[in-house]
>>> print(open('start35.pdb').read())   # PDB, C-alpha atoms, pLDDT in the B column
ATOM      1  CA  MET O   3      63.712 123.893 -61.201  1.00 78.00           C
ATOM      2  CA  GLU O   4      65.269 121.323 -58.872  1.00 81.00           C
ATOM      3  CA  GLU O   5      68.740 122.736 -59.488  1.00 81.00           C
ATOM      4  CA  ARG O   6      67.867 126.288 -58.434  1.00 86.00           C
ATOM      5  CA  GLU O   7      69.498 127.498 -55.215  1.00 85.00           C
ATOM      6  CA  ASP O   8      66.139 128.656 -53.840  1.00 88.00           C
ATOM      7  CA  VAL O   9      64.513 125.215 -54.052  1.00 94.00           C
ATOM      8  CA  LEU O  10      64.788 122.637 -51.265  1.00 96.00           C
ATOM      9  CA  VAL O  11      64.714 119.083 -52.606  1.00 97.00           C
ATOM     10  CA  PHE O  12      64.054 115.969 -50.531  1.00 97.00           C
ATOM     11  CA  THR O  13      64.345 112.559 -52.214  1.00 98.00           C
ATOM     12  CA  THR O  14      63.788 109.057 -50.845  1.00 98.00           C
ATOM     13  CA  ASP O  15      66.054 106.103 -51.503  1.00 98.00           C
ATOM     14  CA  PRO O  16      64.840 103.843 -54.332  1.00 98.00           C
ATOM     15  CA  LEU O  17      61.623 102.139 -53.275  1.00 98.00           C
ATOM     16  CA  ALA O  18      61.900  98.425 -52.503  1.00 98.00           C
ATOM     17  CA  GLU O  19      58.298  97.820 -53.588  1.00 97.00           C
ATOM     18  CA  ASP O  20      55.418  99.637 -55.280  1.00 97.00           C
ATOM     19  CA  VAL O  21      53.772 102.338 -53.127  1.00 98.00           C
ATOM     20  CA  GLU O  22      50.229 103.494 -53.884  1.00 98.00           C
ATOM     21  CA  MET O  23      48.993 106.916 -52.815  1.00 97.00           C
ATOM     22  CA  THR O  24      45.358 107.856 -53.201  1.00 98.00           C
ATOM     23  CA  GLY O  25      43.835 110.970 -51.647  1.00 98.00           C
ATOM     24  CA  ARG O  26      44.729 114.465 -50.507  1.00 98.00           C
ATOM     25  CA  ILE O  27      48.390 115.492 -50.330  1.00 98.00           C
ATOM     26  CA  ARG O  28      49.540 118.257 -47.975  1.00 98.00           C
ATOM     27  CA  ALA O  29      52.834 119.884 -47.124  1.00 98.00           C
ATOM     28  CA  VAL O  30      53.020 121.185 -43.562  1.00 98.00           C
ATOM     29  CA  LEU O  31      55.718 123.843 -43.420  1.00 98.00           C
ATOM     30  CA  PHE O  32      57.059 125.618 -40.369  1.00 98.00           C
ATOM     31  CA  ALA O  33      58.604 128.620 -42.012  1.00 98.00           C
ATOM     32  CA  ALA O  34      59.651 132.225 -41.607  1.00 97.00           C
ATOM     33  CA  THR O  35      60.241 135.061 -44.056  1.00 96.00           C
ATOM     34  CA  ASP O  36      61.709 138.528 -43.648  1.00 96.00           C
ATOM     35  CA  GLY O  37      58.867 140.077 -45.655  1.00 94.00           C
ATOM     36  CA  PRO O  38      55.261 140.926 -44.793  1.00 95.00           C
ATOM     37  CA  SER O  39      53.984 138.566 -47.509  1.00 94.00           C
ATOM     38  CA  THR O  40      55.278 135.496 -49.315  1.00 95.00           C
ATOM     39  CA  ASP O  41      54.252 132.322 -51.114  1.00 96.00           C
ATOM     40  CA  TRP O  42      55.038 128.719 -50.206  1.00 97.00           C
ATOM     41  CA  VAL O  43      55.104 126.212 -53.053  1.00 97.00           C
ATOM     42  CA  ALA O  44      55.370 122.435 -52.666  1.00 98.00           C
ATOM     43  CA  ARG O  45      55.589 119.827 -55.399  1.00 97.00           C
ATOM     44  CA  LEU O  46      55.453 116.014 -55.272  1.00 98.00           C
ATOM     45  CA  CYS O  47      57.463 114.222 -57.970  1.00 98.00           C
ATOM     46  CA  ASP O  48      58.083 110.681 -59.192  1.00 98.00           C
ATOM     47  CA  VAL O  49      61.748 110.043 -60.061  1.00 98.00           C
ATOM     48  CA  ASP O  50      62.322 107.060 -62.358  1.00 98.00           C
ATOM     49  CA  GLU O  51      65.303 104.678 -62.460  1.00 98.00           C
ATOM     50  CA  HIS O  52      67.127 107.025 -64.854  1.00 98.00           C
ATOM     51  CA  GLY O  53      66.773 110.048 -62.553  1.00 97.00           C
ATOM     52  CA  VAL O  54      64.043 111.724 -64.592  1.00 97.00           C
ATOM     53  CA  SER O  55      61.792 113.690 -62.219  1.00 97.00           C
ATOM     54  CA  ARG O  56      58.136 114.120 -63.188  1.00 98.00           C
ATOM     55  CA  ASN O  57      55.619 116.337 -61.448  1.00 97.00           C
ATOM     56  CA  VAL O  58      52.732 114.449 -59.852  1.00 98.00           C
ATOM     57  CA  THR O  59      50.978 117.338 -58.128  1.00 98.00           C
ATOM     58  CA  ASP O  60      51.772 120.711 -56.621  1.00 97.00           C
ATOM     59  CA  GLY O  61      50.240 123.568 -54.706  1.00 97.00           C
ATOM     60  CA  ILE O  62      50.826 127.100 -53.492  1.00 97.00           C
ATOM     61  CA  LEU O  63      49.829 129.112 -50.442  1.00 97.00           C
ATOM     62  CA  ARG O  64      50.046 132.907 -50.264  1.00 95.00           C
ATOM     63  CA  VAL O  65      50.478 134.169 -46.701  1.00 95.00           C
ATOM     64  CA  GLY O  66      50.733 137.400 -44.809  1.00 94.00           C
ATOM     65  CA  ALA O  67      53.568 137.139 -42.324  1.00 94.00           C
ATOM     66  CA  THR O  68      55.151 138.798 -39.345  1.00 95.00           C
ATOM     67  CA  PRO O  69      58.728 139.243 -40.588  1.00 95.00           C
ATOM     68  CA  GLY O  70      61.144 136.831 -38.904  1.00 95.00           C
ATOM     69  CA  GLU O  71      58.433 134.978 -36.983  1.00 97.00           C
ATOM     70  CA  PRO O  72      58.075 131.225 -37.666  1.00 97.00           C
ATOM     71  CA  ALA O  73      54.549 130.054 -38.440  1.00 97.00           C
ATOM     72  CA  GLU O  74      52.865 126.831 -39.524  1.00 98.00           C
ATOM     73  CA  HIS O  75      51.525 126.786 -43.090  1.00 98.00           C
ATOM     74  CA  VAL O  76      49.626 123.976 -44.813  1.00 98.00           C
ATOM     75  CA  VAL O  77      50.054 123.826 -48.589  1.00 98.00           C
ATOM     76  CA  ASP O  78      47.278 121.856 -50.289  1.00 98.00           C
ATOM     77  CA  LEU O  79      48.648 119.806 -53.195  1.00 98.00           C
ATOM     78  CA  TRP O  80      45.148 118.574 -54.064  1.00 96.00           C
ATOM     79  CA  SER O  81      44.215 114.940 -54.490  1.00 97.00           C
ATOM     80  CA  THR O  82      45.765 112.310 -56.706  1.00 97.00           C
ATOM     81  CA  SER O  83      46.078 108.586 -57.172  1.00 98.00           C
ATOM     82  CA  ILE O  84      49.403 107.152 -58.270  1.00 98.00           C
ATOM     83  CA  VAL O  85      51.572 104.094 -57.843  1.00 98.00           C
ATOM     84  CA  PHE O  86      55.242 104.887 -57.330  1.00 98.00           C
ATOM     85  CA  ARG O  87      56.954 101.841 -58.820  1.00 98.00           C
ATOM     86  CA  ALA O  88      59.680  99.807 -57.121  1.00 98.00           C
ATOM     87  CA  GLY O  89      63.042 101.314 -58.020  1.00 98.00           C
ATOM     88  CA  HIS O  90      61.561 104.816 -58.316  1.00 98.00           C
ATOM     89  CA  ARG O  91      62.111 107.570 -55.755  1.00 98.00           C
ATOM     90  CA  ILE O  92      59.629 109.984 -54.218  1.00 98.00           C
ATOM     91  CA  ARG O  93      60.750 113.619 -54.336  1.00 98.00           C
ATOM     92  CA  VAL O  94      59.393 116.767 -52.685  1.00 98.00           C
ATOM     93  CA  GLN O  95      60.389 120.281 -53.747  1.00 97.00           C
ATOM     94  CA  VAL O  96      59.774 123.339 -51.555  1.00 97.00           C
ATOM     95  CA  THR O  97      60.252 126.928 -52.693  1.00 96.00           C
ATOM     96  CA  SER O  98      58.524 130.277 -52.508  1.00 94.00           C
ATOM     97  CA  SER O  99      58.108 130.981 -56.199  1.00 89.00           C
ATOM     98  CA  ASN O 100      57.200 129.146 -59.365  1.00 87.00           C
ATOM     99  CA  PHE O 101      56.522 131.840 -61.952  1.00 86.00           C
ATOM    100  CA  PRO O 102      54.911 131.662 -64.507  1.00 87.00           C
ATOM    101  CA  ARG O 103      52.965 128.626 -63.217  1.00 88.00           C
ATOM    102  CA  TRP O 104      51.799 130.741 -60.272  1.00 88.00           C
ATOM    103  CA  ASP O 105      51.567 134.543 -60.076  1.00 85.00           C
ATOM    104  CA  ARG O 106      54.566 136.323 -58.581  1.00 85.00           C
ATOM    105  CA  ASN O 107      54.416 137.561 -55.020  1.00 88.00           C
ATOM    106  CA  LEU O 108      56.463 140.754 -54.704  1.00 90.00           C
ATOM    107  CA  ASN O 109      56.973 140.036 -50.956  1.00 91.00           C
ATOM    108  CA  THR O 110      55.955 143.563 -49.931  1.00 90.00           C
ATOM    109  CA  GLY O 111      52.401 142.992 -48.776  1.00 88.00           C
ATOM    110  CA  GLU O 112      51.110 145.498 -51.349  1.00 87.00           C
ATOM    111  CA  PRO O 113      47.987 144.475 -53.300  1.00 85.00           C
ATOM    112  CA  GLU O 114      49.099 142.538 -56.412  1.00 79.00           C
ATOM    113  CA  GLU O 115      46.970 144.719 -58.719  1.00 82.00           C
ATOM    114  CA  SER O 116      48.735 147.939 -57.711  1.00 86.00           C
ATOM    115  CA  ALA O 117      52.140 146.858 -56.380  1.00 84.00           C
ATOM    116  CA  THR O 118      55.016 148.905 -57.755  1.00 85.00           C
ATOM    117  CA  THR O 119      58.004 147.549 -55.828  1.00 89.00           C
ATOM    118  CA  ALA O 120      59.500 144.123 -55.286  1.00 89.00           C
ATOM    119  CA  GLN O 121      61.601 142.769 -52.461  1.00 91.00           C
ATOM    120  CA  VAL O 122      63.810 139.675 -52.412  1.00 91.00           C
ATOM    121  CA  ALA O 123      62.652 137.550 -49.478  1.00 92.00           C
ATOM    122  CA  GLN O 124      64.946 135.560 -47.230  1.00 95.00           C
ATOM    123  CA  GLN O 125      63.127 132.334 -46.347  1.00 96.00           C
ATOM    124  CA  GLN O 126      63.654 129.697 -43.661  1.00 96.00           C
ATOM    125  CA  ILE O 127      62.077 126.245 -43.420  1.00 97.00           C
ATOM    126  CA  PHE O 128      62.326 124.569 -40.019  1.00 98.00           C
ATOM    127  CA  HIS O 129      62.500 120.850 -39.329  1.00 95.00           C
ATOM    128  CA  ASP O 130      63.043 119.934 -35.698  1.00 96.00           C
ATOM    129  CA  PRO O 131      60.982 118.297 -32.911  1.00 96.00           C
ATOM    130  CA  VAL O 132      59.169 121.563 -32.137  1.00 97.00           C
ATOM    131  CA  ARG O 133      58.615 122.590 -35.789  1.00 98.00           C
ATOM    132  CA  PRO O 134      58.281 119.344 -37.783  1.00 97.00           C
ATOM    133  CA  SER O 135      57.865 120.394 -41.419  1.00 98.00           C
ATOM    134  CA  ARG O 136      56.643 117.387 -43.383  1.00 98.00           C
ATOM    135  CA  ILE O 137      54.725 116.025 -46.341  1.00 98.00           C
ATOM    136  CA  VAL O 138      51.482 114.171 -45.592  1.00 98.00           C
ATOM    137  CA  LEU O 139      50.997 111.318 -48.062  1.00 97.00           C
ATOM    138  CA  PRO O 140      47.872 109.122 -48.222  1.00 97.00           C
ATOM    139  CA  VAL O 141      49.637 105.755 -48.580  1.00 97.00           C
ATOM    140  CA  VAL O 142      47.321 102.846 -49.362  1.00 96.00           C
ATOM    141  CA  PRO O 143      48.460  99.705 -47.502  1.00 91.00           C
ATOM    142  CA  ALA O 144      49.661  96.841 -49.704  1.00 77.00           C
ATOM    143  CA  ARG O 145      47.282  93.887 -49.888  1.00 76.00           C
TER
END
>>> encode(input="start35.pdb", output="structure tokens")
Amino acid sequence: MEEREDVLVFTTDPLAEDVEMTGRIRAVLFAATDGPSTDWVARLCDVDEHGVSRNVTDGILRVGATPGEPAEHVVDLWSTSIVFRAGHRIRVQVTSSNFPRWDRNLNTGEPEESATTAQVAQQQIFHDPVRPSRIVLPVVPAR
């Protein structure tokens, strides 16, 4: 999935020390779509020393949208407790589809049960001082 053109991937440098995270994870996305409806998917991954990326937790948010208008969306990735080991990297993936894990959104705004057409959506994620998309991680301070 990380190699798809429609997936944004953000990866830290190798961690200098272990990092514990315990609690609720959220992705705050400032985003726009050209459709009246879309999904936002975020995934938190642990990348080991060999580059193997493993899913820790993920979430999806289905939204109605005003085409072309940026809006703030909070994707709940649920709660977890994990220690990212020194030498590992923390990775975040952002996309607007992850079928078959999550139902498809046809991006038309039609009810899913009766939709008959699909539309390819053009998506934008913003990251600037006014629209600071980010991941919120519950880091537990080292003792």
>>> resolve_selection(input="start35.pdb", expression="the PyMOL selection byres ((chain O and resi 120) around 9)", output="list in words")
Asn107, Leu108, Asn109, Thr110, Ala117, Thr118, Thr119, Gln121 and Val122 of chain O
>>> closest_residue(input="start35.pdb", among="O:Thr40, O:Ala123, O:Val58, O:Leu17", to="Val94 in chain O", atoms="all atoms listed in the file")
O:Val58
>>> atom_distance(input="start35.pdb", atom1="CA of Arg56 in chain O", atom2="CA of Glu19 in chain O")
18.9 Å
>>> atom_distance(input="start35.pdb", atom1="CA of Gln125 in chain O", atom2="CA of Pro16 in chain O")
29.6 Å
>>> residues_around(input="start35.pdb", residues="range 129-145 of chain O", least_positions_apart="4", cutoff="10 Å", atoms="all atoms listed in the file", output="PDB file with C-alpha atoms, keeping the file's coordinate frame")
ATOM      1  CA  GLU O  19      58.298  97.820 -53.588  1.00 97.00           C
ATOM      2  CA  ASP O  20      55.418  99.637 -55.280  1.00 97.00           C
ATOM      3  CA  VAL O  21      53.772 102.338 -53.127  1.00 98.00           C
ATOM      4  CA  GLU O  22      50.229 103.494 -53.884  1.00 98.00           C
ATOM      5  CA  MET O  23      48.993 106.916 -52.815  1.00 97.00           C
ATOM      6  CA  THR O  24      45.358 107.856 -53.201  1.00 98.00           C
ATOM      7  CA  GLY O  25      43.835 110.970 -51.647  1.00 98.00           C
ATOM      8  CA  ARG O  26      44.729 114.465 -50.507  1.00 98.00           C
ATOM      9  CA  ILE O  27      48.390 115.492 -50.330  1.00 98.00           C
ATOM     10  CA  ARG O  28      49.540 118.257 -47.975  1.00 98.00           C
ATOM     11  CA  ALA O  29      52.834 119.884 -47.124  1.00 98.00           C
ATOM     12  CA  VAL O  30      53.020 121.185 -43.562  1.00 98.00           C
ATOM     13  CA  LEU O  31      55.718 123.843 -43.420  1.00 98.00           C
ATOM     14  CA  PHE O  32      57.059 125.618 -40.369  1.00 98.00           C
ATOM     15  CA  ALA O  33      58.604 128.620 -42.012  1.00 98.00           C
ATOM     16  CA  ALA O  44      55.370 122.435 -52.666  1.00 98.00           C
ATOM     17  CA  ARG O  45      55.589 119.827 -55.399  1.00 97.00           C
ATOM     18  CA  LEU O  46      55.453 116.014 -55.272  1.00 98.00           C
ATOM     19  CA  PRO O  72      58.075 131.225 -37.666  1.00 97.00           C
ATOM     20  CA  ALA O  73      54.549 130.054 -38.440  1.00 97.00           C
ATOM     21  CA  GLU O  74      52.865 126.831 -39.524  1.00 98.00           C
ATOM     22  CA  HIS O  75      51.525 126.786 -43.090  1.00 98.00           C
ATOM     23  CA  VAL O  76      49.626 123.976 -44.813  1.00 98.00           C
ATOM     24  CA  VAL O  77      50.054 123.826 -48.589  1.00 98.00           C
ATOM     25  CA  ASP O  78      47.278 121.856 -50.289  1.00 98.00           C
ATOM     26  CA  LEU O  79      48.648 119.806 -53.195  1.00 98.00           C
ATOM     27  CA  SER O  81      44.215 114.940 -54.490  1.00 97.00           C
ATOM     28  CA  THR O  82      45.765 112.310 -56.706  1.00 97.00           C
ATOM     29  CA  SER O  83      46.078 108.586 -57.172  1.00 98.00           C
ATOM     30  CA  ILE O  84      49.403 107.152 -58.270  1.00 98.00           C
ATOM     31  CA  VAL O  85      51.572 104.094 -57.843  1.00 98.00           C
ATOM     32  CA  VAL O  94      59.393 116.767 -52.685  1.00 98.00           C
TER      33      VAL O  94
END
>>> closest_residue(input="start35.pdb", among="O:Phe128, O:Pro113, O:Ala67, O:Asp48", to="Phe86 in chain O", atoms="all atoms listed in the file")
O:Asp48
>>> resolve_selection(input="start35.pdb", expression="the PyMOL selection byres ((chain O and resi 6) around 12)", output="ChimeraX atom specification")
/O:3-5,7-11,95-100
>>> closest_residue(input="start35.pdb", among="O:Asp15, O:Glu114, O:Arg103, O:Arg91", to="Asp60 in chain O", atoms="only C-alpha atoms")
O:Arg103
>>> atom_distance(input="start35.pdb", atom1="CA of Phe101 in chain O", atom2="CA of Ser116 in chain O")
18.4 Å
>>> closest_residue(input="start35.pdb", among="O:Pro102, O:Gly53, O:Gly111, O:Gly70", to="Gly89 in chain O", atoms="all atoms listed in the file")
O:Gly53
>>> resolve_selection(input="start35.pdb", expression="the PyMOL selection byres ((chain O and resi 69) around 7)", output="compact mmCIF listing (two decimals) with C-alpha atoms, in the frame of the given file")
# COMPACT_ATOMS: atom_id res chain seq x y z
CA THR O 35 60.24 135.06 -44.06
CA ASP O 36 61.71 138.53 -43.65
CA GLY O 37 58.87 140.08 -45.66
CA PRO O 38 55.26 140.93 -44.79
CA ALA O 67 53.57 137.14 -42.32
CA THR O 68 55.15 138.80 -39.34
CA GLY O 70 61.14 136.83 -38.90
CA GLU O 71 58.43 134.98 -36.98
>>> build_atoms(input="start35.pdb", residues="range 5-24 of chain O", atoms="N, CA and C atoms", output="short mmCIF file (atom, residue, chain, number, x, y, z; two decimals), in the frame of the given file")
data_model
loop_
_atom_site.label_atom_id
_atom_site.label_comp_id
_atom_site.auth_asym_id
_atom_site.auth_seq_id
_atom_site.Cartn_x
_atom_site.Cartn_y
_atom_site.Cartn_z
N GLU O 5 67.35 122.34 -59.63
CA GLU O 5 68.74 122.74 -59.49
C GLU O 5 68.89 124.19 -59.04
N ARG O 6 67.78 124.90 -58.90
CA ARG O 6 67.87 126.29 -58.43
C ARG O 6 68.29 126.32 -56.97
N GLU O 7 69.03 127.36 -56.59
CA GLU O 7 69.50 127.50 -55.22
C GLU O 7 68.37 127.81 -54.23
N ASP O 8 67.24 128.30 -54.73
CA ASP O 8 66.14 128.66 -53.84
C ASP O 8 65.08 127.56 -53.75
N VAL O 9 65.44 126.34 -54.12
CA VAL O 9 64.51 125.22 -54.05
C VAL O 9 65.12 124.14 -53.15
N LEU O 10 64.39 123.77 -52.09
CA LEU O 10 64.79 122.64 -51.26
C LEU O 10 64.27 121.37 -51.92
N VAL O 11 65.10 120.34 -51.97
CA VAL O 11 64.71 119.08 -52.61
C VAL O 11 64.98 117.94 -51.63
N PHE O 12 63.95 117.14 -51.39
CA PHE O 12 64.05 115.97 -50.53
C PHE O 12 63.69 114.75 -51.38
N THR O 13 64.55 113.72 -51.37
CA THR O 13 64.34 112.56 -52.21
C THR O 13 64.56 111.29 -51.40
N THR O 14 63.63 110.33 -51.54
CA THR O 14 63.79 109.06 -50.84
C THR O 14 64.86 108.22 -51.53
N ASP O 15 65.26 107.15 -50.86
CA ASP O 15 66.05 106.10 -51.50
C ASP O 15 65.14 105.40 -52.50
N PRO O 16 65.71 104.61 -53.43
CA PRO O 16 64.84 103.84 -54.33
C PRO O 16 63.88 102.96 -53.53
N LEU O 17 62.64 102.93 -53.98
CA LEU O 17 61.62 102.14 -53.28
C LEU O 17 61.86 100.65 -53.49
N ALA O 18 61.72 99.88 -52.43
CA ALA O 18 61.90 98.42 -52.50
C ALA O 18 60.69 97.75 -53.13
N GLU O 19 59.53 98.39 -53.02
CA GLU O 19 58.30 97.82 -53.59
C GLU O 19 57.40 98.96 -54.05
N ASP O 20 56.37 98.63 -54.83
CA ASP O 20 55.42 99.64 -55.28
C ASP O 20 54.75 100.29 -54.06
N VAL O 21 54.47 101.59 -54.17
CA VAL O 21 53.77 102.34 -53.13
C VAL O 21 52.63 103.11 -53.78
N GLU O 22 51.39 102.79 -53.36
CA GLU O 22 50.23 103.49 -53.88
C GLU O 22 49.85 104.63 -52.95
N MET O 23 49.53 105.77 -53.55
CA MET O 23 48.99 106.92 -52.82
C MET O 23 47.71 107.34 -53.49
N THR O 24 46.65 107.42 -52.69
CA THR O 24 45.36 107.86 -53.20
C THR O 24 44.72 108.76 -52.17
#
